[in-house]
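Everything on this sheet refers to the single structure shown next.
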2 protein chains.
Amino acid sequence: MSQKSMKGMQLAEAKSQFIANWGRFGSNWGINRTMAQIHALLLVSPDALSADEVMEELQISRGNANMNLRELIDWGLVQKVIVAGERKEFFTAEKDIWKVARQIVKERKKRELDLMIPVLKELSDVEGDKKDRAVKTFTDTIQNIRKFSEQADKTLDTMIKADEHWFWSSLMKLFGAKH
Amino acid sequence: MSQKSMKGMQLAEAKSQFIANWGRFGSNWGINRTMAQIHALLLVSPDALSADEVMEELQISRGNANMNLRELIDWGLVQKVIVAGERKEFFTAEKDIWKVARQIVKERKKRELDLMIPVLKELSDVEGDKKDRAVKTFTDTIQNIRKFSEQADKTLDTMIKADEHWFWSSLMKLFGAKH
DNA sequence: CTGAACTTTCAAAAATATTTGAAAGTTTGT
DNA sequence: ACAAACTTTCAAATATTTTTGAAAGTTCAG
């Protein structure tokens, strides 16, 4: 790789760095590396890309491209675009990161928190003597997690509906006021 | 007593359900299943457990238990406990979920956001004609992600330092007022 | 110092997840 | 209806992650 310079790098290099990094971090987020890379590629592409262009750019197979594009659509992060006069499908990603983050929060809440809350409710009323330390620790911990989850549930719902400017400026006012 | 009742399940079953679920969800969070299961086990154990007890309860090998306990300590979620008169080490987990969540946010921020921000900074000043749509889309998207990340960085720092009651009640006041 | 008790390491095995590519399926223009 | 253009499927191959367990390392009481 090139040495660090005062000037920025060329677009092609910057793009592949971005794709590599987005892919690396994506895998900590329950999203697989290729999916995150396709997402990154579409995020920085001015125009919608075809499956072939994605395959070519990322050097992946047709099946892989198809499957991950489908999953990105499923997550609401990518849309199909119909181009007049073209037979094949094109794909484009929402570029406003606030909307992307909101969408991810929305989907993860649906896939995780909304499934966990009923389980916690079920586990809340375990049988047994409340004087038994094992029972007490169990019920206290579950109750604590449950309260936390319900609080988080409400907060995330608010965020999902929020406008970016209102959200950040409210938080900043609030948190700034504290010190 | 009664086999089928409206009442909750027995402790042993509830415990294993909780461990299984915490493990299942943990894997969406950059934490592996066994690590999350050990964490769950310690969360509901009134006393600190030895490595042997963890191995026995979760039916895992010594190496696996050792490695995942070490990683949990690394994440700041589990501590070693010295028990007077005992030679072996015992392990215990913080049970206050607010503290657990704060610790997870702190670590993930350190491992992800704090690494991503400098990369975005580097990618911000790509060379090239700003009239070129490819260049413009790239720089705009990176800039957008960067702004978002810096905003999130500040907000998470506030949360990491916050007291639970203050945090939730502030958010509720704020968000409740909006409707 | 010695050996029992305990912890850590790590190469090989097992389990999981991802990717490939060719065949099957679908759509559309003529 | 036909066939070219395109998309989807999925079983097999690959890659990655996790787990095992025995050996090496450490600690400590006597």
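FYI, nothing fancy with the structure tokens labels: chains A, B, ... in order, residues from 1 per chain, ligands from 1 as they appear.
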Please provide the set of residues having any atom within 9 Å of Leu43 in chain A, restricted to only C-alpha atoms (C1' of nucleotides), with same-chain residues fewer than 5 positions apart removed, written as an mmCIF file with C-alpha atoms, in the first residue's frame.
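Listing of selection.cif after writing:
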```
data_model
loop_
_atom_site.group_PDB
_atom_site.id
_atom_site.type_symbol
_atom_site.label_atom_id
_atom_site.label_comp_id
_atom_site.auth_asym_id
_atom_site.auth_seq_id
_atom_site.Cartn_x
_atom_site.Cartn_y
_atom_site.Cartn_z
ATOM 1 C CA ILE A 38 -22.616 -4.595 -1.255
ATOM 2 C CA THR A 92 -29.856 1.402 -5.120
ATOM 3 C CA ALA A 93 -29.334 2.171 -1.434
ATOM 4 C CA GLU A 94 -30.769 4.936 0.710
ATOM 5 C CA LYS A 95 -27.903 7.377 1.242
ATOM 6 C CA THR B 137 -21.512 10.993 -4.120
ATOM 7 C CA PHE B 138 -18.556 9.458 -2.370
ATOM 8 C CA THR B 141 -21.870 9.963 1.756
#
```
Tell me, as a ChimeraX atom specification, which residues lie within 10 Å of DA5 in chain C, counting only C-alpha atoms (C1' of nucleotides); anything in the same chain fewer than 6 positions away does not count.
/B:87-88 /D:27-28
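All residues of protein, DNA or RNA that reach within 9 Å of DT16 in chain C, judged by only C-alpha atoms (C1' of nucleotides) and not counting those fewer than 4 positions away in the chain, are DT16, DT17 and DT18 of chain D.
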Output C-alpha atoms (C1' of nucleotides) for every residue in that selection, as a PDB file, in the first residue's frame.
```pdb
ATOM      1  C1'  DT D  16     -14.473 -19.272   9.063  1.00  0.00           C
ATOM      2  C1'  DT D  17     -15.439 -19.862  13.801  1.00  0.00           C
ATOM      3  C1'  DT D  18     -15.797 -22.532  17.749  1.00  0.00           C
TER       4       DT D  18
END
```
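By only C-alpha atoms (C1' of nucleotides), and with residues fewer than 3 positions from Gly128 in chain B along its chain excluded, the set lying at most 10 Å from it is Gly8, Met9, Gln10 and Leu11 of chain A; Asp125, Lys131, Asp132, Ala134, Val135 and Lys136 of chain B.
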Cα RMSD of chain B after least-squares fit onto chain A, all atoms paired in order:
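After least-squares fitting, the two copies differ by 1.8 Å C-alpha RMSD.
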Where in range 21-151 of chain B does DSSP assign strand (DSSP E or B), given as a ChimeraX atom specification?
/B:49-50,78-81,90-93
Would you pick out the contacts of range 19-24 of chain C at 9 Å or less, using only C-alpha atoms (C1' of nucleotides), so that residues sharing its chain but fewer than 6 positions from it are not included, and give the list as a PyMOL selection string?
(chain A and resi 60-64) or (chain D and resi 8-9+12-15)
Take the residues from that selection and write them out as a compact mmCIF listing (two decimals), in the first residue's frame, keeping all heavy atoms.
```
# COMPACT_ATOMS: atom_id res chain seq x y z
N ILE A 60 -17.67 -11.41 -6.80
CA ILE A 60 -18.44 -12.46 -6.15
C ILE A 60 -19.34 -13.14 -7.18
O ILE A 60 -19.56 -12.61 -8.26
CB ILE A 60 -19.30 -11.91 -4.99
CG1 ILE A 60 -20.29 -10.86 -5.50
CG2 ILE A 60 -18.42 -11.34 -3.88
CD1 ILE A 60 -21.23 -10.33 -4.44
N SER A 61 -19.85 -14.30 -6.83
CA SER A 61 -20.66 -15.07 -7.77
C SER A 61 -22.07 -14.51 -7.91
O SER A 61 -22.53 -13.72 -7.07
CB SER A 61 -20.78 -16.51 -7.28
OG SER A 61 -21.60 -16.56 -6.13
N ARG A 62 -22.73 -14.96 -8.94
CA ARG A 62 -24.10 -14.51 -9.18
C ARG A 62 -25.03 -14.88 -8.02
O ARG A 62 -25.82 -14.07 -7.55
CB ARG A 62 -24.61 -15.12 -10.49
CG ARG A 62 -25.99 -14.67 -10.89
CD ARG A 62 -26.34 -15.13 -12.30
NE ARG A 62 -25.40 -14.58 -13.28
CZ ARG A 62 -25.39 -13.32 -13.68
NH1 ARG A 62 -26.25 -12.45 -13.16
NH2 ARG A 62 -24.51 -12.91 -14.55
N GLY A 63 -24.92 -16.11 -7.55
CA GLY A 63 -25.79 -16.56 -6.47
C GLY A 63 -25.60 -15.75 -5.20
O GLY A 63 -26.56 -15.36 -4.53
N ASN A 64 -24.35 -15.48 -4.92
CA ASN A 64 -24.01 -14.71 -3.74
C ASN A 64 -24.58 -13.29 -3.84
O ASN A 64 -25.20 -12.78 -2.90
CB ASN A 64 -22.49 -14.67 -3.62
CG ASN A 64 -22.00 -14.28 -2.24
OD1 ASN A 64 -22.78 -14.13 -1.31
ND2 ASN A 64 -20.70 -14.10 -2.12
P DT D 8 -34.45 -12.40 -8.29
OP1 DT D 8 -35.65 -11.87 -7.64
OP2 DT D 8 -33.09 -11.92 -7.93
O5' DT D 8 -34.46 -13.98 -8.10
C5' DT D 8 -35.63 -14.71 -8.47
C4' DT D 8 -35.40 -16.18 -8.22
O4' DT D 8 -34.38 -16.67 -9.11
C3' DT D 8 -34.92 -16.52 -6.80
O3' DT D 8 -35.88 -17.42 -6.27
C2' DT D 8 -33.54 -17.14 -6.98
C1' DT D 8 -33.58 -17.62 -8.43
N1 DT D 8 -32.28 -17.64 -9.19
C2 DT D 8 -31.86 -18.82 -9.76
O2 DT D 8 -32.46 -19.87 -9.65
N3 DT D 8 -30.70 -18.73 -10.48
C4 DT D 8 -29.92 -17.60 -10.68
O4 DT D 8 -28.90 -17.64 -11.35
C5 DT D 8 -30.42 -16.40 -10.05
C7 DT D 8 -29.66 -15.11 -10.20
C6 DT D 8 -31.57 -16.47 -9.33
P DT D 9 -35.69 -18.04 -4.80
OP1 DT D 9 -37.04 -18.32 -4.29
OP2 DT D 9 -34.73 -17.21 -4.03
O5' DT D 9 -35.00 -19.44 -5.09
C5' DT D 9 -35.64 -20.33 -5.97
C4' DT D 9 -34.77 -21.57 -6.11
O4' DT D 9 -33.56 -21.24 -6.85
C3' DT D 9 -34.31 -22.15 -4.77
O3' DT D 9 -34.64 -23.53 -4.81
C2' DT D 9 -32.79 -21.93 -4.76
C1' DT D 9 -32.46 -21.88 -6.24
N1 DT D 9 -31.27 -21.08 -6.66
C2 DT D 9 -30.38 -21.64 -7.54
O2 DT D 9 -30.48 -22.78 -7.96
N3 DT D 9 -29.34 -20.81 -7.92
C4 DT D 9 -29.14 -19.51 -7.52
O4 DT D 9 -28.18 -18.88 -7.95
C5 DT D 9 -30.11 -18.98 -6.60
C7 DT D 9 -29.98 -17.57 -6.10
C6 DT D 9 -31.12 -19.78 -6.21
P DA D 12 -25.30 -32.94 -2.90
OP1 DA D 12 -25.31 -34.24 -3.62
OP2 DA D 12 -25.59 -32.85 -1.45
O5' DA D 12 -23.89 -32.24 -3.18
C5' DA D 12 -23.56 -31.87 -4.52
C4' DA D 12 -22.35 -30.97 -4.47
O4' DA D 12 -22.73 -29.67 -3.93
C3' DA D 12 -21.22 -31.49 -3.58
O3' DA D 12 -20.02 -31.35 -4.33
C2' DA D 12 -21.27 -30.59 -2.34
C1' DA D 12 -21.80 -29.28 -2.93
N9 DA D 12 -22.51 -28.40 -2.00
C8 DA D 12 -23.47 -28.74 -1.07
N7 DA D 12 -23.94 -27.70 -0.39
C5 DA D 12 -23.24 -26.62 -0.91
C6 DA D 12 -23.28 -25.25 -0.61
N6 DA D 12 -24.08 -24.71 0.31
N1 DA D 12 -22.45 -24.44 -1.31
C2 DA D 12 -21.64 -24.98 -2.22
N3 DA D 12 -21.53 -26.26 -2.60
C4 DA D 12 -22.36 -27.03 -1.89
P DA D 13 -18.58 -31.57 -3.67
OP1 DA D 13 -17.71 -32.16 -4.70
OP2 DA D 13 -18.76 -32.20 -2.34
O5' DA D 13 -18.10 -30.06 -3.43
C5' DA D 13 -17.77 -29.27 -4.56
C4' DA D 13 -17.15 -27.99 -4.06
O4' DA D 13 -18.08 -27.31 -3.19
C3' DA D 13 -15.86 -28.17 -3.26
O3' DA D 13 -14.96 -27.19 -3.75
C2' DA D 13 -16.29 -27.95 -1.81
C1' DA D 13 -17.42 -26.95 -1.97
N9 DA D 13 -18.45 -26.97 -0.92
C8 DA D 13 -19.10 -28.06 -0.41
N7 DA D 13 -20.00 -27.77 0.51
C5 DA D 13 -19.93 -26.39 0.61
C6 DA D 13 -20.63 -25.45 1.41
N6 DA D 13 -21.57 -25.78 2.30
N1 DA D 13 -20.31 -24.15 1.27
C2 DA D 13 -19.37 -23.81 0.38
N3 DA D 13 -18.66 -24.58 -0.44
C4 DA D 13 -18.99 -25.88 -0.27
P DT D 14 -13.47 -27.06 -3.17
OP1 DT D 14 -12.65 -26.88 -4.36
OP2 DT D 14 -13.23 -28.14 -2.16
O5' DT D 14 -13.45 -25.67 -2.37
C5' DT D 14 -14.63 -24.99 -2.17
C4' DT D 14 -14.36 -23.68 -1.46
O4' DT D 14 -15.42 -23.55 -0.50
C3' DT D 14 -13.06 -23.59 -0.66
O3' DT D 14 -12.64 -22.22 -0.76
C2' DT D 14 -13.48 -24.05 0.73
C1' DT D 14 -14.92 -23.56 0.82
N1 DT D 14 -15.86 -24.39 1.63
C2 DT D 14 -16.77 -23.71 2.42
O2 DT D 14 -16.83 -22.49 2.48
N3 DT D 14 -17.62 -24.50 3.14
C4 DT D 14 -17.66 -25.87 3.16
O4 DT D 14 -18.49 -26.47 3.85
C5 DT D 14 -16.69 -26.53 2.30
C7 DT D 14 -16.65 -28.03 2.25
C6 DT D 14 -15.85 -25.76 1.59
P DA D 15 -11.39 -21.66 0.08
OP1 DA D 15 -10.81 -20.56 -0.73
OP2 DA D 15 -10.56 -22.77 0.61
O5' DA D 15 -12.14 -20.98 1.31
C5' DA D 15 -13.19 -20.05 1.07
C4' DA D 15 -13.64 -19.52 2.41
O4' DA D 15 -14.44 -20.51 3.10
C3' DA D 15 -12.50 -19.17 3.36
O3' DA D 15 -12.84 -17.90 3.87
C2' DA D 15 -12.51 -20.30 4.39
C1' DA D 15 -13.98 -20.68 4.43
N9 DA D 15 -14.32 -22.05 4.78
C8 DA D 15 -13.76 -23.21 4.31
N7 DA D 15 -14.31 -24.31 4.79
C5 DA D 15 -15.30 -23.84 5.63
C6 DA D 15 -16.25 -24.50 6.43
N6 DA D 15 -16.36 -25.82 6.53
N1 DA D 15 -17.09 -23.72 7.16
C2 DA D 15 -16.99 -22.40 7.07
N3 DA D 15 -16.15 -21.66 6.34
C4 DA D 15 -15.32 -22.45 5.63
```
Just checking: using only C-alpha atoms (C1' of nucleotides), which residue out of D:DA24, D:DG30, D:DT19, D:DC2 ends up closest to chain B?
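Ranked by minimum distance to chain B, first place goes to D:DT19.
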So that I can check the surroundings of Trp75 in chain A, please list as a list in words every protein, DNA and RNA residue that reaches within 8 Å of it, counting only C-alpha atoms (C1' of nucleotides) and ignoring chain neighbours fewer than 3 positions away.
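Result of the neighbour search: Glu71, Leu72, Val78, Gln103, Ile104 and Glu107 of chain A.
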Would you save the residues of that selection, restricted to C-alpha atoms, as a short mmCIF file (atom, residue, chain, number, x, y, z; two decimals), in the first residue's frame?
```cif
data_model
loop_
_atom_site.label_atom_id
_atom_site.label_comp_id
_atom_site.auth_asym_id
_atom_site.auth_seq_id
_atom_site.Cartn_x
_atom_site.Cartn_y
_atom_site.Cartn_z
CA GLU A 71 -31.44 -9.79 2.12
CA LEU A 72 -30.55 -6.10 1.91
CA VAL A 78 -31.76 -1.40 -0.70
CA GLN A 103 -34.20 1.39 9.48
CA ILE A 104 -31.57 -0.84 11.07
CA GLU A 107 -35.46 -4.16 11.93
#
```
Give the alpha helix (DSSP H) residues of range 71-104 of chain A, as DSSP finds them on the backbone, and put them as a ChimeraX atom specification.
/A:71-74,97-104
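In terms of minimum interatomic distance to DC6 in chain D, C:DG25 ranks closest within C:DT18, C:DT2, C:DG25, C:DT9, counting only C-alpha atoms (C1' of nucleotides).
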Specify as a ChimeraX atom specification all residues of chain A found within 8 Å of chain B, counting only C-alpha atoms.
/A:7-11,14-15,18,21,25,27-30,43-46,95-98,112,116,122-128,133-135,137-138,141,144-145,148,151,155,158,168,170-172,174-175
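Between C1' of DA4 in chain C and CA of Glu86 in chain B lies a distance of 14.2 Å.
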What's the separation between C1' of DT27 in chain C and C1' of DT7 in chain D, in Å to one decimal place?
9.4 Å
In Å, how far is it from CA of Met35 in chain A to CA of Leu69 in chain A?
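These two atoms are separated by 7.2 Å.
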